[in-house]
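Dumped run-v8.pdb below, it's PDB, C-alpha atoms:
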ATOM      1  CA  ALA F 740      11.035   8.871   4.009
ATOM      2  CA  GLN F 741      10.085   5.994   6.231
ATOM      3  CA  SER F 742      12.025   6.038   9.464
ATOM      4  CA  VAL F 743      12.018   4.676  12.988
ATOM      5  CA  SER F 744      13.381   6.600  15.921
ATOM      6  CA  GLN F 745      14.401   5.328  19.328
ATOM      7  CA  HIS F 746      14.955   8.246  21.631
ATOM      8  CA  ASN F 747      17.093   6.594  24.254
ATOM      9  CA  HIS F 748      20.512   5.431  23.147
ATOM     10  CA  HIS F 749      21.691   4.103  26.505
ATOM     11  CA  VAL F 750      19.565   3.474  29.586
ATOM     12  CA  ILE F 751      21.000   2.463  32.940
ATOM     13  CA  LEU F 752      18.677   1.068  35.601
ATOM     14  CA  SER F 753      18.914  -0.758  38.885
ATOM     15  CA  GLU F 754      17.247  -4.126  39.304
ATOM     16  CA  ALA F 755      13.516  -3.908  40.064
ATOM     17  CA  ALA F 756      13.206  -0.498  38.402
ATOM     18  CA  SER F 757      10.522  -0.013  35.791
ATOM     19  CA  LEU F 758      11.450   0.311  32.143
ATOM     20  CA  GLU F 759       9.990   2.230  29.247
ATOM     21  CA  LEU F 760      11.797   2.519  25.920
ATOM     22  CA  GLY F 761      10.423   4.869  23.333
ATOM     23  CA  CYS F 762       9.861   4.102  19.663
ATOM     24  CA  ASN F 763       8.294   6.395  17.085
ATOM     25  CA  TYR F 764       7.854   5.815  13.392
ATOM     26  CA  SER F 765       7.044   8.029  10.464
ATOM     27  CA  TYR F 766       3.565   7.928   9.023
ATOM     28  CA  GLY F 767       3.064   5.250   6.406
ATOM     29  CA  GLY F 768      -0.432   3.888   6.637
ATOM     30  CA  THR F 769      -0.892   0.376   7.930
ATOM     31  CA  VAL F 770       2.149  -0.920   9.756
ATOM     32  CA  ASN F 771       3.321  -3.995  11.600
ATOM     33  CA  LEU F 772       5.499  -3.337  14.635
ATOM     34  CA  PHE F 773       8.194  -5.370  16.329
ATOM     35  CA  TRP F 774      10.580  -5.241  19.241
ATOM     36  CA  TYR F 775      13.729  -7.353  19.019
ATOM     37  CA  VAL F 776      16.331  -7.951  21.697
ATOM     38  CA  GLN F 777      20.022  -8.702  21.230
ATOM     39  CA  TYR F 778      21.798 -10.119  24.272
ATOM     40  CA  PRO F 779      25.581  -9.601  24.362
ATOM     41  CA  GLY F 780      27.259 -11.663  21.672
ATOM     42  CA  GLN F 781      24.007 -13.136  20.407
ATOM     43  CA  HIS F 782      21.703 -12.665  17.458
ATOM     44  CA  LEU F 783      18.419 -10.788  17.440
ATOM     45  CA  GLN F 784      15.417 -12.468  19.012
ATOM     46  CA  LEU F 785      11.799 -11.395  18.769
ATOM     47  CA  LEU F 786      10.334  -9.968  21.995
ATOM     48  CA  LEU F 787       6.868  -9.121  20.739
ATOM     49  CA  LYS F 788       4.947  -7.985  17.694
ATOM     50  CA  TYR F 789       1.816  -6.107  16.762
ATOM     51  CA  PHE F 790      -0.202  -6.798  13.641
ATOM     52  CA  SER F 791      -3.765  -5.811  14.535
ATOM     53  CA  GLY F 792      -6.336  -5.932  17.323
ATOM     54  CA  ASP F 793      -5.588  -5.100  20.952
ATOM     55  CA  PRO F 794      -2.979  -2.317  20.916
ATOM     56  CA  LEU F 795      -1.438  -3.625  24.139
ATOM     57  CA  VAL F 796       0.654  -6.634  23.271
ATOM     58  CA  LYS F 797       2.467  -8.922  25.631
ATOM     59  CA  GLY F 798       5.711 -10.641  24.775
ATOM     60  CA  ILE F 799       8.216 -12.930  26.330
ATOM     61  CA  LYS F 800      10.016 -12.390  29.650
ATOM     62  CA  GLY F 801       7.393 -10.009  31.021
ATOM     63  CA  PHE F 802       7.738  -7.350  28.323
ATOM     64  CA  GLU F 803       4.792  -5.533  26.825
ATOM     65  CA  ALA F 804       4.293  -2.739  24.330
ATOM     66  CA  GLU F 805       1.488  -0.367  23.500
ATOM     67  CA  PHE F 806       0.669   0.788  20.002
ATOM     68  CA  ILE F 807      -0.691   4.338  20.006
ATOM     69  CA  LYS F 808      -1.690   5.059  16.443
ATOM     70  CA  SER F 809      -2.329   8.767  16.973
ATOM     71  CA  LYS F 810       1.201   9.238  18.262
ATOM     72  CA  PHE F 811       2.891   6.822  15.827
ATOM     73  CA  SER F 812       4.451   5.182  18.847
ATOM     74  CA  PHE F 813       5.145   1.642  20.037
ATOM     75  CA  ASN F 814       6.843   1.942  23.410
ATOM     76  CA  LEU F 815       8.279  -1.068  25.206
ATOM     77  CA  ARG F 816       7.660  -1.527  28.926
ATOM     78  CA  LYS F 817       8.553  -3.856  31.754
ATOM     79  CA  PRO F 818       7.425  -3.250  35.355
ATOM     80  CA  SER F 819      10.539  -4.649  37.025
ATOM     81  CA  VAL F 820      13.806  -5.267  35.195
ATOM     82  CA  GLN F 821      16.377  -7.903  36.036
ATOM     83  CA  TRP F 822      20.119  -8.014  35.521
ATOM     84  CA  SER F 823      19.519 -10.582  32.770
ATOM     85  CA  ASP F 824      17.610  -7.950  30.769
ATOM     86  CA  THR F 825      20.897  -6.228  29.976
ATOM     87  CA  ALA F 826      20.889  -6.142  26.187
ATOM     88  CA  GLU F 827      20.307  -3.950  23.183
ATOM     89  CA  TYR F 828      16.688  -3.421  22.145
ATOM     90  CA  PHE F 829      15.560  -2.634  18.632
ATOM     91  CA  CYS F 830      12.219  -1.364  17.439
ATOM     92  CA  ALA F 831      11.332  -2.287  13.861
ATOM     93  CA  VAL F 832       8.488  -1.382  11.531
ATOM     94  CA  ASN F 833       7.164  -3.111   8.454
ATOM     95  CA  TYR F 834       5.370  -0.736   6.144
ATOM     96  CA  ASN F 835       3.824  -3.636   4.264
ATOM     97  CA  GLN F 836       6.441  -3.473   1.566
ATOM     98  CA  GLY F 837       7.363  -7.058   0.872
ATOM     99  CA  GLY F 838       8.418  -7.890   4.381
ATOM    100  CA  LYS F 839      11.155  -5.293   4.651
ATOM    101  CA  LEU F 840      11.804  -4.008   8.149
ATOM    102  CA  ILE F 841      13.009  -0.541   9.043
ATOM    103  CA  PHE F 842      14.968  -0.640  12.293
ATOM    104  CA  GLY F 843      15.506   2.040  14.875
ATOM    105  CA  GLN F 844      19.001   2.866  16.056
ATOM    106  CA  GLY F 845      18.724   0.615  19.090
ATOM    107  CA  THR F 846      18.727   1.273  22.825
ATOM    108  CA  GLU F 847      21.363  -0.264  25.009
ATOM    109  CA  LEU F 848      19.975  -1.239  28.406
ATOM    110  CA  SER F 849      22.314  -1.843  31.318
ATOM    111  CA  VAL F 850      20.783  -3.216  34.510
ATOM    112  CA  LYS F 851      22.872  -2.949  37.646
ATOM    113  CA  PRO F 852      22.446  -5.728  40.225
TER     114      PRO F 852
ATOM    115  CA  ASN Z  36      15.824 -27.358  13.155
ATOM    116  CA  ALA Z  37      18.992 -25.296  12.958
ATOM    117  CA  GLY Z  38      17.023 -22.179  11.982
ATOM    118  CA  VAL Z  39      19.209 -19.600  10.242
ATOM    119  CA  THR Z  40      22.931 -20.295  10.079
ATOM    120  CA  GLN Z  41      25.758 -18.130   8.769
ATOM    121  CA  THR Z  42      29.315 -18.884   7.743
ATOM    122  CA  PRO Z  43      31.894 -17.757   8.541
ATOM    123  CA  LYS Z  44      31.474 -16.292  12.035
ATOM    124  CA  PHE Z  45      34.525 -14.036  11.777
ATOM    125  CA  ARG Z  46      36.680 -12.835   8.924
ATOM    126  CA  VAL Z  47      39.470 -10.331   8.418
ATOM    127  CA  LEU Z  48      40.090  -9.033   4.901
ATOM    128  CA  LYS Z  49      42.534  -6.650   3.322
ATOM    129  CA  THR Z  50      41.244  -3.771   1.233
ATOM    130  CA  GLY Z  51      40.465  -4.983  -2.266
ATOM    131  CA  GLN Z  52      39.997  -8.641  -1.389
ATOM    132  CA  SER Z  53      36.760 -10.427  -2.137
ATOM    133  CA  MET Z  54      34.674 -12.835  -0.125
ATOM    134  CA  THR Z  55      31.284 -14.477   0.081
ATOM    135  CA  LEU Z  56      29.108 -14.845   3.156
ATOM    136  CA  LEU Z  57      26.752 -17.793   3.207
ATOM    137  CA  CYS Z  58      23.336 -17.853   4.834
ATOM    138  CA  ALA Z  59      21.256 -21.005   5.080
ATOM    139  CA  GLN Z  60      17.796 -21.615   6.511
ATOM    140  CA  ASP Z  61      15.922 -24.856   7.008
ATOM    141  CA  MET Z  62      12.452 -23.425   7.682
ATOM    142  CA  ASN Z  63      11.318 -23.389   4.052
ATOM    143  CA  HIS Z  64      11.038 -19.599   4.179
ATOM    144  CA  GLU Z  65      10.425 -17.705   0.961
ATOM    145  CA  TYR Z  66      11.964 -14.390   1.996
ATOM    146  CA  MET Z  67      15.577 -13.839   2.972
ATOM    147  CA  TYR Z  68      17.464 -10.692   3.929
ATOM    148  CA  TRP Z  69      20.967  -9.391   4.504
ATOM    149  CA  TYR Z  70      21.543  -6.602   7.029
ATOM    150  CA  ARG Z  71      24.575  -4.824   8.359
ATOM    151  CA  GLN Z  72      24.745  -3.615  11.944
ATOM    152  CA  ASP Z  73      26.857  -0.617  12.855
ATOM    153  CA  PRO Z  74      27.044   1.122  16.250
ATOM    154  CA  GLY Z  75      24.338   3.732  16.694
ATOM    155  CA  MET Z  76      22.726   2.939  13.348
ATOM    156  CA  GLY Z  77      20.677  -0.142  14.082
ATOM    157  CA  LEU Z  78      20.329  -2.660  11.287
ATOM    158  CA  ARG Z  79      20.229  -1.541   7.678
ATOM    159  CA  LEU Z  80      18.971  -3.702   4.866
ATOM    160  CA  ILE Z  81      21.536  -4.443   2.158
ATOM    161  CA  HIS Z  82      19.666  -6.777  -0.207
ATOM    162  CA  TYR Z  83      16.757  -9.123   0.072
ATOM    163  CA  SER Z  84      15.050 -11.894  -1.836
ATOM    164  CA  VAL Z  85      11.372 -12.764  -2.108
ATOM    165  CA  GLY Z  86      11.969 -16.202  -3.556
ATOM    166  CA  GLU Z  87      14.406 -18.526  -5.287
ATOM    167  CA  GLY Z  88      16.075 -16.805  -8.209
ATOM    168  CA  THR Z  89      15.039 -13.287  -7.173
ATOM    169  CA  THR Z  90      16.953 -10.482  -5.486
ATOM    170  CA  ALA Z  91      16.295  -6.813  -4.784
ATOM    171  CA  LYS Z  92      18.184  -3.849  -3.395
ATOM    172  CA  GLY Z  93      17.674  -2.621   0.106
ATOM    173  CA  GLU Z  94      18.740   0.578   1.811
ATOM    174  CA  VAL Z  95      22.539   0.231   1.451
ATOM    175  CA  PRO Z  96      23.289  -2.061  -1.535
ATOM    176  CA  ASP Z  97      26.421  -0.402  -2.945
ATOM    177  CA  GLY Z  98      29.528  -2.585  -2.890
ATOM    178  CA  TYR Z  99      27.576  -5.805  -2.369
ATOM    179  CA  ASN Z 100      26.046  -8.445  -4.607
ATOM    180  CA  VAL Z 101      23.743 -11.326  -3.743
ATOM    181  CA  SER Z 102      22.462 -14.530  -5.210
ATOM    182  CA  ARG Z 103      19.604 -16.886  -4.348
ATOM    183  CA  LEU Z 104      20.147 -19.936  -6.526
ATOM    184  CA  LYS Z 105      18.520 -22.268  -4.000
ATOM    185  CA  LYS Z 106      15.565 -21.461  -1.783
ATOM    186  CA  GLN Z 107      17.440 -22.303   1.392
ATOM    187  CA  ASN Z 108      20.590 -20.302   0.644
ATOM    188  CA  PHE Z 109      21.279 -16.588   0.270
ATOM    189  CA  LEU Z 110      24.819 -15.493  -0.546
ATOM    190  CA  LEU Z 111      26.275 -12.047   0.043
ATOM    191  CA  GLY Z 112      29.372 -11.110  -1.925
ATOM    192  CA  LEU Z 113      31.909  -8.358  -1.536
ATOM    193  CA  GLU Z 114      33.844  -8.009  -4.786
ATOM    194  CA  SER Z 115      36.415  -5.493  -3.558
ATOM    195  CA  ALA Z 116      36.281  -4.974   0.180
ATOM    196  CA  ALA Z 117      36.677  -1.504   1.678
ATOM    197  CA  PRO Z 118      37.247  -0.440   5.302
ATOM    198  CA  SER Z 119      33.752   1.102   5.297
ATOM    199  CA  GLN Z 120      32.387  -2.432   5.019
ATOM    200  CA  THR Z 121      33.746  -3.363   8.414
ATOM    201  CA  SER Z 122      30.573  -4.371  10.217
ATOM    202  CA  VAL Z 123      28.535  -7.209  11.645
ATOM    203  CA  TYR Z 124      26.382  -8.857   9.001
ATOM    204  CA  PHE Z 125      23.128 -10.558   9.851
ATOM    205  CA  CYS Z 126      21.035 -12.765   7.663
ATOM    206  CA  ALA Z 127      17.323 -13.230   8.319
ATOM    207  CA  SER Z 128      14.445 -15.125   6.797
ATOM    208  CA  SER Z 129      10.656 -15.018   6.949
ATOM    209  CA  TYR Z 130       7.838 -17.190   5.674
ATOM    210  CA  SER Z 131       6.532 -14.374   3.509
ATOM    211  CA  GLY Z 132       6.296 -10.623   3.374
ATOM    212  CA  LEU Z 133       2.635 -10.552   4.209
ATOM    213  CA  SER Z 134       1.492  -9.162   7.538
ATOM    214  CA  SER Z 135       1.142 -12.022   9.992
ATOM    215  CA  TYR Z 136       3.782 -14.123   8.336
ATOM    216  CA  ASN Z 137       6.606 -11.665   8.085
ATOM    217  CA  GLU Z 138       8.258 -12.279  11.442
ATOM    218  CA  GLN Z 139      11.951 -12.430  10.638
ATOM    219  CA  PHE Z 140      14.282 -14.997  12.163
ATOM    220  CA  PHE Z 141      17.911 -13.989  12.446
ATOM    221  CA  GLY Z 142      21.188 -15.819  12.132
ATOM    222  CA  PRO Z 143      24.080 -15.471  14.596
ATOM    223  CA  GLY Z 144      25.970 -12.894  12.538
ATOM    224  CA  THR Z 145      29.333 -12.578  10.800
ATOM    225  CA  ARG Z 146      31.844 -10.109  12.140
ATOM    226  CA  LEU Z 147      33.874  -8.730   9.231
ATOM    227  CA  THR Z 148      36.905  -6.492   9.554
ATOM    228  CA  VAL Z 149      38.470  -4.884   6.498
ATOM    229  CA  LEU Z 150      41.972  -3.530   7.023
TER     230      LEU Z 150
END

Serialized structure, structure tokens:
Amino acid sequence: AQSVSQHNHHVILSEAASLELGCNYSYGGTVNLFWYVQYPGQHLQLLLKYFSGDPLVKGIKGFEAEFIKSKFSFNLRKPSVQWSDTAEYFCAVNYNQGGKLIFGQGTELSVKP
Amino acid sequence: NAGVTQTPKFRVLKTGQSMTLLCAQDMNHEYMYWYRQDPGMGLRLIHYSVGEGTTAKGEVPDGYNVSRLKKQNFLLGLESAAPSQTSVYFCASSYSGLSSYNEQFFGPGTRLTVL
């Protein structure tokens, strides 16, 4: 079955620390990959996406992600987090089935000032 | 543009009551989706629609019905609410389901509690 796994359920960091959130997906051929962010009390917003081409994609607010096809991974990174990055982060995969997204369980990030 | 809007924002129901959640989008998107968000489970697709007049089941469709009578609206119905349907419901839309055009835009959510 198609599935997406986020290994970290809750990450706590201090400001200026580096961030890496893991995301792995089950094999399913060609995929499109997304990272969404949900700030407290708000709806999901797109951080970045990968469709094809350069496997290192850059998104908003200094986030980037690298698609490693051989590892079925799409990890999210940021060199230096800020308190305002406190949010829940979701990895999502489209297996080219009519636009449907499969979401990971989410990772809650808490950044201490 | 308002993007994707949802009504109501909050609702409390008693077991067995019915209700309808309304989602509206003004981006002329073909595809619309209903998800539920539960702690530790991410978002799970309930139903979706690939165009006006069409609907299809997602991952967790039981206990819900949907209708897409107009392109801009996607309704989610609970005929007989159960406590297990206590959740936050998100609507989303996308231009299409094809690769580069399937970025989904989300509404603000509806927090539903079933007592």

Evaluate the ChimeraX specification (/Z :<10) & /F against this structure - the residues, as number ranges by chain, please. F: 743, 745, 748, 769-773, 775, 780-785, 787-791, 827-831, 833-847

Atom pair CA of Val820 (chain F) + CA of Gly792 (chain F), distance 26.9 Å

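With distances taken from (8.6, 6.5, 6.5) and restricted to all atoms listed in the file, the residues inside 7 Å are Ala740, Gln741, Ser742, Tyr764, Ser765, Tyr766 and Gly767 of chain F.
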
Since I can't run it myself right now, could you work out what the PyMOL selection byres ((chain F and resi 755) around 6) selects here and report it as a list in words? Glu754, Ala756, Ser819 and Val820 of chain F

Have a look at CA of Glu87 (chain Z) and CA of Gln60 (chain Z) and let me know their distance in Å, one decimal. 12.7 Å

Interatomic distance (Å, one decimal) between CA of Glu759 (chain F) and CA of Ser849 (chain F): 13.1 Å

May I have the residues within 7 Å of Arg103 (chain Z) as a PyMOL selection string, using all atoms listed in the file and disregarding those fewer than 6 positions away in the same chain? chain Z and resi 87-89+109-110

With the PyMOL selection byres ((chain Z and resi 115-121) around 10) as the selection, what would be picked from this file? Answer as JSON, numbers by chain, please. {"Z": [46, 47, 48, 49, 50, 51, 52, 53, 54, 71, 72, 73, 98, 99, 112, 113, 114, 122, 123, 124, 146, 147, 148, 149, 150]}

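Each of F:Cys762, F:Ala804, F:Ile799, F:Val850 was compared to Thr825 (chain F) using only C-alpha atoms, and F:Val850 turns out to be the nearest.
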